[in-house]
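Colleague: target_3.txt is the file, holding compact mmCIF, C-alpha atoms:
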# COMPACT_ATOMS: atom_id res chain seq x y z
CA MET U 1 -27.81 -2.83 -22.28
CA ARG U 2 -29.24 -0.80 -19.41
CA GLN U 3 -25.99 -1.23 -17.46
CA LEU U 4 -23.99 -0.04 -20.46
CA LEU U 5 -26.24 3.00 -20.98
CA ALA U 6 -26.14 3.89 -17.28
CA TRP U 7 -22.36 3.60 -17.16
CA THR U 8 -21.99 5.69 -20.32
CA LEU U 9 -24.21 8.45 -18.94
CA ALA U 10 -22.40 8.40 -15.61
CA ALA U 11 -19.03 8.64 -17.32
CA ALA U 12 -20.24 11.53 -19.45
CA ALA U 13 -21.53 13.35 -16.38
CA ALA U 14 -18.24 12.86 -14.57
CA LEU U 15 -16.29 14.23 -17.52
CA ALA U 16 -18.61 17.21 -17.71
CA ALA U 17 -18.14 17.91 -14.00
CA ALA U 18 -14.34 17.70 -14.17
CA PRO U 19 -12.60 21.06 -14.53
CA THR U 20 -10.48 21.50 -17.60
CA ALA U 21 -6.86 22.58 -17.42
CA PRO U 22 -6.26 26.26 -18.14
CA THR U 23 -3.37 27.61 -20.12
CA ALA U 24 -0.53 27.26 -17.62
CA ARG U 25 0.81 30.50 -16.20
CA PRO U 26 4.54 30.94 -15.53
CA ASP U 27 3.89 31.08 -11.78
CA CYS U 28 2.06 27.73 -11.62
CA PRO U 29 3.90 25.10 -9.53
CA ARG U 30 5.84 22.96 -11.99
CA LEU U 31 7.18 19.41 -11.94
CA THR U 32 10.94 19.41 -12.50
CA THR U 33 11.99 15.75 -12.85
CA SER U 34 11.90 13.36 -15.79
CA TRP U 35 9.11 10.81 -16.28
CA HIS U 36 8.36 8.06 -18.75
CA GLY U 37 6.73 9.17 -22.01
CA ASP U 38 4.22 12.00 -21.57
CA ASN U 39 3.44 11.19 -17.93
CA ARG U 40 4.98 14.41 -16.61
CA ALA U 41 2.86 16.53 -18.95
CA ARG U 42 -0.30 14.61 -18.05
CA LEU U 43 0.37 14.92 -14.32
CA GLN U 44 1.05 18.62 -14.78
CA ARG U 45 -2.32 19.09 -16.45
CA VAL U 46 -4.06 17.61 -13.39
CA ILE U 47 -2.04 19.84 -11.07
CA ASP U 48 -2.88 22.91 -13.16
CA ALA U 49 -6.58 22.07 -13.43
CA ARG U 50 -7.21 21.12 -9.81
CA GLY U 51 -4.76 23.37 -7.96
CA THR U 52 -3.91 27.00 -7.35
CA CYS U 53 -3.17 27.61 -11.03
CA SER U 54 -6.94 27.44 -11.57
CA GLY U 55 -7.81 29.16 -8.33
CA HIS U 56 -8.58 25.91 -6.47
CA THR U 57 -7.27 24.52 -3.18
CA GLY U 58 -8.08 21.43 -1.17
CA ALA U 59 -8.11 18.72 -3.84
CA VAL U 60 -6.81 15.38 -2.52
CA ALA U 61 -3.88 13.36 -3.81
CA ALA U 62 -3.38 9.91 -2.28
CA PHE U 63 -0.27 7.74 -2.51
CA ASP U 64 0.52 4.20 -1.54
CA TRP U 65 3.93 4.19 0.12
CA ASP U 66 6.01 1.01 -0.32
CA ASN U 67 7.35 0.63 -3.85
CA THR U 68 5.26 3.60 -4.97
CA VAL U 69 6.97 6.51 -3.21
CA THR U 70 10.00 4.39 -2.29
CA LYS U 71 11.97 1.59 -3.80
CA ASN U 72 11.57 -1.34 -1.36
CA ASP U 73 9.34 -1.84 1.64
CA VAL U 74 9.90 0.19 4.81
CA THR U 75 7.92 -2.15 7.10
CA ASP U 76 10.10 -5.03 5.92
CA ALA U 77 13.20 -2.90 6.53
CA THR U 78 12.01 -2.25 10.09
CA LEU U 79 11.22 -5.92 10.69
CA SER U 80 14.69 -6.86 9.39
CA TRP U 81 16.33 -4.35 11.74
CA ALA U 82 14.24 -5.55 14.71
CA LEU U 83 15.14 -9.19 14.04
CA ARG U 84 18.84 -8.34 13.88
CA HIS U 85 18.66 -6.29 17.12
CA ASP U 86 16.45 -8.56 19.26
CA ARG U 87 13.55 -6.09 19.46
CA LEU U 88 10.61 -8.44 18.95
CA PRO U 89 8.79 -9.40 22.16
CA ARG U 90 8.37 -13.11 22.82
CA PRO U 91 4.64 -13.99 22.87
CA ALA U 92 3.07 -16.18 25.52
CA ARG U 93 1.63 -18.28 22.67
CA TRP U 94 2.32 -17.84 18.97
CA LYS U 95 -1.33 -18.65 18.23
CA ASP U 96 -2.20 -15.39 19.99
CA THR U 97 -0.39 -13.31 17.37
CA SER U 98 -2.93 -13.89 14.59
CA ALA U 99 -6.53 -15.03 14.37
CA TRP U 100 -5.60 -17.17 11.34
CA LEU U 101 -2.27 -18.70 12.36
CA THR U 102 -2.32 -22.44 11.69
CA GLU U 103 -1.36 -25.20 14.10
CA ALA U 104 1.58 -25.98 11.83
CA ALA U 105 2.84 -22.39 12.04
CA ASP U 106 2.30 -22.33 15.80
CA ARG U 107 4.37 -25.50 16.17
CA ALA U 108 7.13 -24.25 13.87
CA LEU U 109 7.41 -20.89 15.64
CA THR U 110 7.29 -22.48 19.08
CA ALA U 111 10.03 -24.94 18.16
CA ALA U 112 12.26 -22.31 16.58
CA CYS U 113 11.59 -19.34 18.85
CA GLY U 114 10.10 -20.62 22.09
CA THR U 115 7.35 -18.93 24.11
CA GLY U 116 7.01 -17.03 27.36
CA ALA U 117 5.85 -13.45 27.60
CA GLY U 118 8.14 -10.85 29.11
CA ALA U 119 11.41 -11.42 27.27
CA SER U 120 12.65 -10.36 23.86
CA LEU U 121 13.29 -12.93 21.17
CA ARG U 122 17.01 -13.58 20.64
CA THR U 123 16.58 -13.59 16.88
CA SER U 124 20.07 -12.21 16.23
CA ALA U 125 21.48 -15.50 17.55
CA GLU U 126 18.63 -17.80 16.51
CA PRO U 127 18.51 -17.99 12.71
CA ARG U 128 15.82 -20.72 12.78
CA CYS U 129 13.46 -18.32 14.53
CA THR U 130 14.34 -15.48 12.18
CA ASP U 131 13.77 -17.73 9.17
CA GLU U 132 10.33 -18.87 10.33
CA ILE U 133 9.20 -15.28 10.89
CA LEU U 134 10.51 -14.04 7.53
CA GLU U 135 9.12 -17.00 5.60
CA ILE U 136 5.67 -16.46 7.09
CA ARG U 137 5.83 -12.73 6.37
CA GLU U 138 7.05 -13.21 2.79
CA ASN U 139 5.24 -16.33 1.62
CA ALA U 140 2.59 -17.16 4.25
CA THR U 141 4.21 -20.57 4.75
CA THR U 142 6.52 -22.14 7.31
CA MET U 143 10.06 -23.08 6.39
CA SER U 144 8.78 -26.62 5.77
CA GLY U 145 6.22 -25.28 3.29
CA ALA U 146 3.10 -25.72 5.43
CA PRO U 147 0.44 -22.99 5.16
CA ALA U 148 0.91 -20.43 7.94
CA PHE U 149 -2.63 -19.01 7.81
CA ALA U 150 -6.02 -20.64 7.34
CA GLY U 151 -9.67 -19.83 7.88
CA HIS U 152 -11.98 -17.19 6.49
CA TRP U 153 -11.20 -13.56 5.75
CA ASN U 154 -12.27 -11.07 3.11
CA HIS U 155 -9.44 -11.15 0.59
CA ARG U 156 -10.24 -7.63 -0.57
CA ARG U 157 -10.02 -6.20 2.94
CA THR U 158 -7.01 -7.89 4.49
CA VAL U 159 -4.17 -10.35 4.07
CA PRO U 160 -3.01 -12.10 7.26
CA GLN U 161 0.75 -11.77 6.77
CA TYR U 162 0.44 -7.99 6.34
CA ALA U 163 -1.67 -7.67 9.49
CA TRP U 164 0.76 -9.99 11.30
CA VAL U 165 3.74 -7.60 11.27
CA PRO U 166 2.34 -4.99 13.69
CA GLN U 167 0.89 -7.87 15.72
CA LEU U 168 4.44 -9.18 16.20
CA PHE U 169 5.21 -5.97 18.10
CA ALA U 170 2.34 -6.43 20.59
CA GLY U 171 3.63 -5.26 23.97
CA ARG U 172 5.81 -2.51 22.54
CA THR U 173 4.65 1.12 22.41
CA PRO U 174 4.14 3.05 19.16
CA ALA U 175 7.09 5.24 20.20
CA GLU U 176 9.32 2.19 20.54
CA LEU U 177 8.23 0.88 17.13
CA ALA U 178 8.86 4.32 15.64
CA SER U 179 12.36 4.32 17.14
CA TYR U 180 13.08 0.99 15.43
CA ALA U 181 11.80 2.47 12.17
CA ARG U 182 14.08 5.50 12.52
CA ALA U 183 17.12 3.27 13.11
CA ALA U 184 16.14 1.10 10.12
CA ARG U 185 15.63 4.23 8.01
CA ARG U 186 19.13 5.54 8.77
CA GLU U 187 20.59 2.17 7.88
CA ALA U 188 18.54 1.72 4.68
CA LEU U 189 19.31 5.21 3.37
CA ALA U 190 23.04 4.72 4.02
CA ALA U 191 23.19 1.39 2.17
CA PRO U 192 24.06 1.64 -1.54
CA VAL U 193 21.37 1.07 -4.14
CA GLY U 194 21.16 -2.62 -4.91
CA ALA U 195 22.61 -3.74 -1.57
CA THR U 196 21.25 -6.89 0.08
CA ARG U 197 21.88 -8.64 3.37
CA VAL U 198 21.33 -12.12 4.74
CA VAL U 199 18.93 -12.33 7.69
CA GLY U 200 18.69 -15.88 8.96
CA THR U 201 19.17 -17.61 5.62
CA HIS U 202 16.94 -15.14 3.74
CA THR U 203 18.49 -12.60 1.40
CA VAL U 204 16.59 -9.32 1.75
CA PRO U 205 17.05 -5.78 0.40
CA ALA U 206 19.37 -3.69 2.56
CA TYR U 207 18.44 -0.32 1.06
CA VAL U 208 15.39 1.89 0.62
CA ARG U 209 15.23 5.00 -1.54
CA PRO U 210 12.44 7.56 -1.90
CA TYR U 211 12.03 8.15 -5.63
CA GLY U 212 13.10 11.65 -6.62
CA GLN U 213 10.21 11.91 -9.07
CA MET U 214 7.66 11.08 -6.38
CA ARG U 215 9.24 13.49 -3.91
CA ASP U 216 9.05 16.23 -6.56
CA LEU U 217 5.43 15.32 -7.38
CA ILE U 218 4.39 15.50 -3.72
CA ARG U 219 6.22 18.80 -3.22
CA THR U 220 4.58 20.27 -6.33
CA LEU U 221 1.14 19.10 -5.25
CA HIS U 222 1.61 20.76 -1.86
CA ARG U 223 2.66 24.01 -3.52
CA ALA U 224 -0.42 23.81 -5.72
CA GLY U 225 -2.75 23.60 -2.72
CA PHE U 226 -3.46 19.87 -2.73
CA ARG U 227 -4.04 17.87 0.44
CA VAL U 228 -1.59 14.99 0.11
CA TYR U 229 -2.16 11.69 1.93
CA VAL U 230 -0.23 8.45 2.24
CA VAL U 231 -2.33 5.28 2.57
CA SER U 232 -0.37 2.12 3.26
CA ALA U 233 -0.86 -1.49 4.34
CA GLY U 234 2.21 -1.15 6.55
CA ALA U 235 2.32 -0.40 10.27
CA GLU U 236 1.33 3.23 10.89
CA PRO U 237 4.12 4.11 13.40
CA VAL U 238 6.63 2.91 10.79
CA THR U 239 5.04 4.62 7.78
CA GLU U 240 4.81 7.92 9.69
CA VAL U 241 8.59 7.92 10.24
CA TRP U 242 9.15 7.70 6.50
CA SER U 243 6.30 9.83 5.15
CA LYS U 244 7.45 12.95 6.99
CA GLY U 245 10.68 12.72 4.98
CA VAL U 246 8.72 13.74 1.87
CA GLY U 247 6.63 16.35 3.67
CA VAL U 248 3.56 14.28 4.61
CA ASP U 249 2.84 14.56 8.34
CA ALA U 250 1.30 11.98 10.68
CA ALA U 251 -2.16 13.55 10.35
CA HIS U 252 -2.05 12.77 6.62
CA THR U 253 -0.61 9.24 6.96
CA ILE U 254 -3.00 6.30 7.05
CA ALA U 255 -1.82 2.74 7.67
CA ILE U 256 -2.57 -0.21 9.96
CA ARG U 257 -3.49 1.35 13.31
CA PRO U 258 -2.98 -0.97 16.27
CA VAL U 259 -5.38 -0.71 19.19
CA LEU U 260 -3.44 0.19 22.36
CA ASP U 261 -3.97 -1.27 25.80
CA ARG U 262 -4.41 0.81 28.95
CA ARG U 263 -0.65 1.21 29.28
CA GLY U 264 -0.41 2.57 25.74
CA ARG U 265 1.10 -0.61 24.33
CA ILE U 266 0.39 -2.21 20.97
CA THR U 267 -2.07 -5.11 20.99
CA THR U 268 -2.93 -7.69 18.32
CA ARG U 269 -6.12 -5.77 17.48
CA ASP U 270 -6.40 -3.02 14.84
CA GLU U 271 -8.81 -0.13 14.45
CA GLY U 272 -11.76 -0.74 12.14
CA CYS U 273 -13.31 1.02 9.18
CA GLY U 274 -16.66 1.26 7.41
CA GLY U 275 -18.77 0.22 10.37
CA VAL U 276 -16.51 -2.74 11.19
CA PRO U 277 -15.22 -2.45 14.79
CA ALA U 278 -11.69 -3.14 15.95
CA THR U 279 -10.62 -6.68 15.01
CA ARG U 280 -7.52 -8.84 14.89
CA GLY U 281 -6.66 -7.66 11.40
CA ALA U 282 -9.91 -8.20 9.46
CA VAL U 283 -9.98 -4.67 8.01
CA ILE U 284 -6.70 -3.01 7.03
CA PRO U 285 -5.81 -0.56 4.23
CA TYR U 286 -5.72 -3.31 1.61
CA ILE U 287 -7.51 -3.32 -1.80
CA ASP U 288 -11.09 -2.23 -0.97
CA GLY U 289 -9.88 -1.39 2.53
CA LYS U 290 -7.80 1.48 1.15
CA ARG U 291 -10.94 3.03 -0.34
CA CYS U 292 -12.70 2.60 3.01
CA TRP U 293 -9.93 4.28 4.98
CA ILE U 294 -9.68 7.20 2.53
CA ASN U 295 -13.44 7.71 2.55
CA GLN U 296 -13.57 7.54 6.33
CA GLU U 297 -10.45 9.48 7.32
CA VAL U 298 -10.22 12.01 4.49
CA TYR U 299 -13.87 12.63 3.59
CA GLY U 300 -15.63 11.74 6.85
CA VAL U 301 -17.82 9.01 5.33
CA ARG U 302 -19.04 6.72 8.12
CA GLY U 303 -20.57 3.27 8.28
CA ALA U 304 -21.08 0.91 5.37
CA ALA U 305 -21.08 3.79 2.88
CA ALA U 306 -17.31 4.10 3.31
CA TRP U 307 -16.88 0.88 1.30
CA GLN U 308 -18.66 2.39 -1.73
CA ARG U 309 -17.27 4.64 -4.46
CA GLN U 310 -18.21 8.21 -3.57
CA PRO U 311 -19.45 11.05 -5.80
CA TRP U 312 -16.85 12.80 -7.93
CA ARG U 313 -16.11 15.63 -5.48
CA ARG U 314 -15.47 13.19 -2.62
CA ARG U 315 -12.73 11.27 -4.38
CA PRO U 316 -9.02 11.97 -4.86
CA ALA U 317 -8.01 13.98 -7.88
CA LEU U 318 -4.84 11.92 -8.20
CA ALA U 319 -3.97 8.52 -6.76
CA ALA U 320 -0.82 6.44 -7.14
CA GLY U 321 0.04 2.81 -6.44
CA ASP U 322 2.14 -0.12 -7.57
CA ALA U 323 0.23 -3.29 -6.64
CA ASP U 324 -3.15 -5.01 -6.63
CA THR U 325 -3.58 -3.80 -3.04
CA ASP U 326 -3.90 -0.28 -4.51
CA VAL U 327 -6.23 -0.94 -7.42
CA THR U 328 -9.49 0.24 -5.85
CA PHE U 329 -8.41 3.63 -4.53
CA VAL U 330 -6.22 4.33 -7.56
CA GLY U 331 -9.23 3.59 -9.75
CA ASP U 332 -11.35 6.03 -7.74
CA ALA U 333 -9.19 9.03 -8.73
CA THR U 334 -10.95 11.56 -10.93
CA GLY U 335 -7.96 13.22 -12.62
CA ALA U 336 -5.16 10.65 -12.98
CA HIS U 337 -4.56 7.03 -11.97
CA LEU U 338 -0.77 6.77 -11.63
CA VAL U 339 0.67 3.24 -11.69
CA ILE U 340 4.26 2.27 -10.96
CA ASP U 341 4.68 -0.92 -12.98
CA ARG U 342 5.61 -3.90 -10.82
CA GLY U 343 3.73 -6.40 -12.96
CA LYS U 344 0.75 -6.93 -10.64
CA PRO U 345 -2.09 -8.33 -12.75
CA GLU U 346 -5.29 -6.67 -11.51
CA LEU U 347 -3.71 -3.22 -11.39
CA MET U 348 -1.93 -3.58 -14.73
CA CYS U 349 -5.08 -4.90 -16.43
CA ARG U 350 -6.99 -1.82 -15.25
CA ALA U 351 -4.16 0.46 -16.31
CA TYR U 352 -3.68 -0.95 -19.80
CA ASP U 353 -7.42 -1.26 -20.42
CA ASP U 354 -7.54 2.48 -19.62
CA ALA U 355 -11.33 2.63 -19.64
CA ASP U 356 -11.53 6.37 -18.88
CA GLY U 357 -8.34 7.52 -20.62
CA ARG U 358 -6.77 8.68 -17.34
CA TRP U 359 -4.43 5.81 -16.48
CA LEU U 360 -0.68 6.57 -16.50
CA VAL U 361 1.84 3.72 -16.36
CA ASN U 362 5.42 4.44 -15.35
CA PRO U 363 8.29 1.93 -15.00
CA MET U 364 9.96 1.74 -11.61
CA PHE U 365 12.48 4.55 -11.36
CA ILE U 366 15.14 2.19 -9.95
CA ASP U 367 15.72 -1.24 -11.54
CA PRO U 368 12.57 -1.29 -13.70
CA LEU U 369 11.14 -4.64 -14.69
CA PRO U 370 11.74 -5.89 -18.22
CA ARG U 371 8.76 -5.75 -20.53
CA ARG U 372 6.35 -8.62 -19.90
CA THR U 373 6.52 -11.24 -22.63
CA THR U 374 3.09 -12.82 -22.05
CA PRO U 375 -0.27 -11.03 -21.74
CA TYR U 376 -1.80 -10.35 -18.33
CA PRO U 377 -4.65 -12.86 -17.75
CA CYS U 378 -7.30 -10.16 -17.34
CA SER U 379 -10.10 -12.24 -18.84
CA ALA U 380 -9.44 -15.28 -16.65
CA THR U 381 -7.77 -14.83 -13.25
CA ALA U 382 -6.74 -11.19 -12.68
CA TRP U 383 -9.53 -10.39 -10.20
CA THR U 384 -9.57 -11.73 -6.64
CA ALA U 385 -13.02 -12.31 -5.13
CA PRO U 386 -13.68 -11.67 -1.43
CA ASP U 387 -13.39 -15.41 -0.78
CA GLY U 388 -10.00 -15.50 -2.54
CA THR U 389 -11.22 -17.13 -5.75
CA PRO U 390 -9.55 -15.76 -8.90
CA GLY U 391 -11.79 -14.73 -11.78
CA PRO U 392 -12.14 -12.44 -14.80
CA LEU U 393 -11.79 -8.70 -14.34
CA LEU U 394 -14.92 -6.75 -15.28
CA ARG U 395 -15.46 -3.19 -16.42
CA PRO U 396 -18.20 -1.11 -14.75
CA ASP U 397 -20.61 -2.11 -17.52
CA GLY U 398 -20.05 -5.81 -16.79
CA SER U 399 -17.97 -6.55 -19.87
CA VAL U 400 -14.78 -8.56 -19.42
CA VAL U 401 -11.45 -6.79 -19.66
CA PRO U 402 -9.51 -8.54 -22.44
CA ASP U 403 -6.01 -9.83 -21.77
CA GLN U 404 -3.47 -7.02 -21.94
CA ALA U 405 0.09 -6.99 -23.20
CA GLY U 406 2.77 -5.25 -21.17
CA ARG U 407 3.93 -1.99 -22.75
CA THR U 408 6.61 -0.63 -20.43
CA PRO U 409 9.44 0.15 -20.24
Could you express the structure from this file as structure tokens?

Modeller:
Amino acid sequence: MRQLLAWTLAAAAALAAAPTAPTARPDCPRLTTSWHGDNRARLQRVIDARGTCSGHTGAVAAFDWDNTVTKNDVTDATLSWALRHDRLPRPARWKDTSAWLTEAADRALTAACGTGAGASLRTSAEPRCTDEILEIRENATTMSGAPAFAGHWNHRRTVPQYAWVPQLFAGRTPAELASYARAARREALAAPVGATRVVGTHTVPAYVRPYGQMRDLIRTLHRAGFRVYVVSAGAEPVTEVWSKGVGVDAAHTIAIRPVLDRRGRITTRDEGCGGVPATRGAVIPYIDGKRCWINQEVYGVRGAAAWQRQPWRRRPALAAGDADTDVTFVGDATGAHLVIDRGKPELMCRAYDDADGRWLVNPMFIDPLPRRTTPYPCSATAWTAPDGTPGPLLRPDGSVVPDQAGRTP
């Protein structure tokens, strides 16, 4: 009962502190593209209330990148291009590429790809090697089905196969990785919507498209005086190549940041957050890690406090995501929680439960998913604990979120 009363009072205080939208003036920056239902009007109200239309500047809007701003994943597009053009360096030992790589994965990669630092992998001519790398990236298993990663990690701060992609480029420079991303970008933008290609024996998307609605939203937010950030679990040199295409510069792009060696080359270690030093992938912008990186890089919150939800004025006004990896920072937003529906259970349970009345669900703008026919298992397995155990999703007052039916498109 005390928890419920405290949460109710806190929610009331937050609502009282939030500015209300004024009557929109004709000169207020306006969204121009079509959205699902009343989402455009609701987004516009946040822009009007927190931007120049109300005499404010400096509010933060934060966006996940892959499958939120774009259709398809730009880090995967870059990896695909690199595999087809022999740009991955050959490691001295595959076990060195990840702190969690299993013996089975090490054996599979060694057999398919070989070892020996100093040369590039000939993945364009070695489909077995390409297949092992893609299978581990996509499914965290070898081609034989053996687990590729094992050990202990905080499942709300990292996932090994995400951290593994920039680690595969250890020995290259950020400029070289960015050049691969630019080549992949040209290729992906030129490919028709819906195009696929076969890499090894894997069929992967051949195209990427920035959503016109998201491009318009970011442009309108900039015109309204917002500080717009991208926060992604991709490799930062890759994400920066793409984010500038929608007007978000490198200074406002946050992703996995590899530690560089003395020669300026990528290593298998990443920068840390929230008082955690540089590690081999233990803390990346992933679930609670995205909150940490926003708090640290945007609001200057240091140490363990960066893992905690901040006061109202030190949180984004608007946040957007498409997957469970985004649920924490999207939930921190004070004006609107924008969700692109890709059927991810923890995020969709939060969105459909709509505890504060500020969650907006929008179908994907290209090839939206069909409406889900069974409820999301919010009350049973939608939440992932730090040790990886699934469990019921709880509201701030400790009550269980009931199972939710899909409602879009």

Colleague: Counting all atoms listed in the file, note down every residue that has an atom within 12 Å of the point (-21.6, 4.4, 3.5) (file coordinates), as a VMD selection string.

Modeller: chain U and resid 273 to 276 291 to 293 295 to 296 299 to 311

Colleague: Mind writing the picked residues with C-alpha atoms as a PDB file, in the coordinates of the input?

Modeller:
ATOM      1  CA  CYS U 273     -13.310   1.020   9.180  1.00  0.00           C
ATOM      2  CA  GLY U 274     -16.660   1.260   7.410  1.00  0.00           C
ATOM      3  CA  GLY U 275     -18.770   0.220  10.370  1.00  0.00           C
ATOM      4  CA  VAL U 276     -16.510  -2.740  11.190  1.00  0.00           C
ATOM      5  CA  ARG U 291     -10.940   3.030  -0.340  1.00  0.00           C
ATOM      6  CA  CYS U 292     -12.700   2.600   3.010  1.00  0.00           C
ATOM      7  CA  TRP U 293      -9.930   4.280   4.980  1.00  0.00           C
ATOM      8  CA  ASN U 295     -13.440   7.710   2.550  1.00  0.00           C
ATOM      9  CA  GLN U 296     -13.570   7.540   6.330  1.00  0.00           C
ATOM     10  CA  TYR U 299     -13.870  12.630   3.590  1.00  0.00           C
ATOM     11  CA  GLY U 300     -15.630  11.740   6.850  1.00  0.00           C
ATOM     12  CA  VAL U 301     -17.820   9.010   5.330  1.00  0.00           C
ATOM     13  CA  ARG U 302     -19.040   6.720   8.120  1.00  0.00           C
ATOM     14  CA  GLY U 303     -20.570   3.270   8.280  1.00  0.00           C
ATOM     15  CA  ALA U 304     -21.080   0.910   5.370  1.00  0.00           C
ATOM     16  CA  ALA U 305     -21.080   3.790   2.880  1.00  0.00           C
ATOM     17  CA  ALA U 306     -17.310   4.100   3.310  1.00  0.00           C
ATOM     18  CA  TRP U 307     -16.880   0.880   1.300  1.00  0.00           C
ATOM     19  CA  GLN U 308     -18.660   2.390  -1.730  1.00  0.00           C
ATOM     20  CA  ARG U 309     -17.270   4.640  -4.460  1.00  0.00           C
ATOM     21  CA  GLN U 310     -18.210   8.210  -3.570  1.00  0.00           C
ATOM     22  CA  PRO U 311     -19.450  11.050  -5.800  1.00  0.00           C
TER      23      PRO U 311
END

Colleague: For Arg197 (chain U), find every residue with an atom within 6 Å (counting all atoms listed in the file), except residues of its own chain fewer than 3 positions away, and show them as a list of chain:residue names.

Modeller: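 Surrounding residues, per the criterion: U:Thr203, U:Val204, U:Ala206.
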
Colleague: Mind checking which residues fall within 8 Å of region 181-185 of chain U, counting only C-alpha atoms, ignoring those fewer than 4 positions away in the same chain, and posting them as a list of chain:residue names?

Modeller: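 Close residues of region 181-185 of chain U: U:Val74, U:Thr75, U:Ala77, U:Thr78, U:Trp81, U:Leu177, U:Leu189, U:Val208, U:Pro237, U:Val238, U:Val241, U:Trp242.
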
Colleague: Out of U:Gly55, U:Pro147, U:Gly118, U:Gly391, which residue has the shortest atom-to-atom distance to Asp106 (chain U) when counting all atoms listed in the file?

Modeller: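 Closest to Asp106 (chain U) of all the choices is U:Pro147.
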
Colleague: Kindly indicate which residue among U:Ser379, U:Thr70, U:Gln404, U:Thr123 lies nearest to Ile340 (chain U), using only C-alpha atoms for the distances.

Modeller: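 Smallest distance to Ile340 (chain U) is found for U:Thr70.
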
Colleague: Please provide the set of residues having any atom within 12 Å of Val339 (chain U), restricted to all atoms listed in the file, with same-chain residues fewer than 4 positions apart removed, written as a PyMOL selection string.

Modeller: chain U and resi 36+39+43+63-64+67-69+214+318-327+329-331+333+343-352+354+358-365+408

Colleague: Using Å and a single decimal, report how far CA of Ala336 (chain U) sits from CA of Gly58 (chain U).

Modeller: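 Going from CA of Gly58 (chain U) over to CA of Ala336 (chain U), I get 16.3 Å.
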
Colleague: Would you mind reading off the distance between CA of Arg137 (chain U) and CA of Asp76 (chain U), one decimal, in Å?

Modeller: 8.8 Å

Colleague: From the options U:Val248, U:Val165, U:Ile133, U:Ala195, which residue's atoms come nearest to Thr267 (chain U), counting all atoms listed in the file?

Modeller: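 Using all atoms listed in the file, Thr267 (chain U) sits closest to U:Val165.
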
Colleague: Report, in Å with one decimal, the straight-line distance from CA of Arg156 (chain U) to CA of Thr328 (chain U).

Modeller: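 That distance, rounded to one decimal, is 9.5 Å.
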
Colleague: Compare U:Pro91, U:Gly289, U:Gly388, U:Gly234 by their minimum atom-to-atom distance to Tyr162 (chain U), counting only C-alpha atoms, and give me the closest one.

Modeller: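 With only C-alpha atoms as the atom set, the closest residue is U:Gly234.
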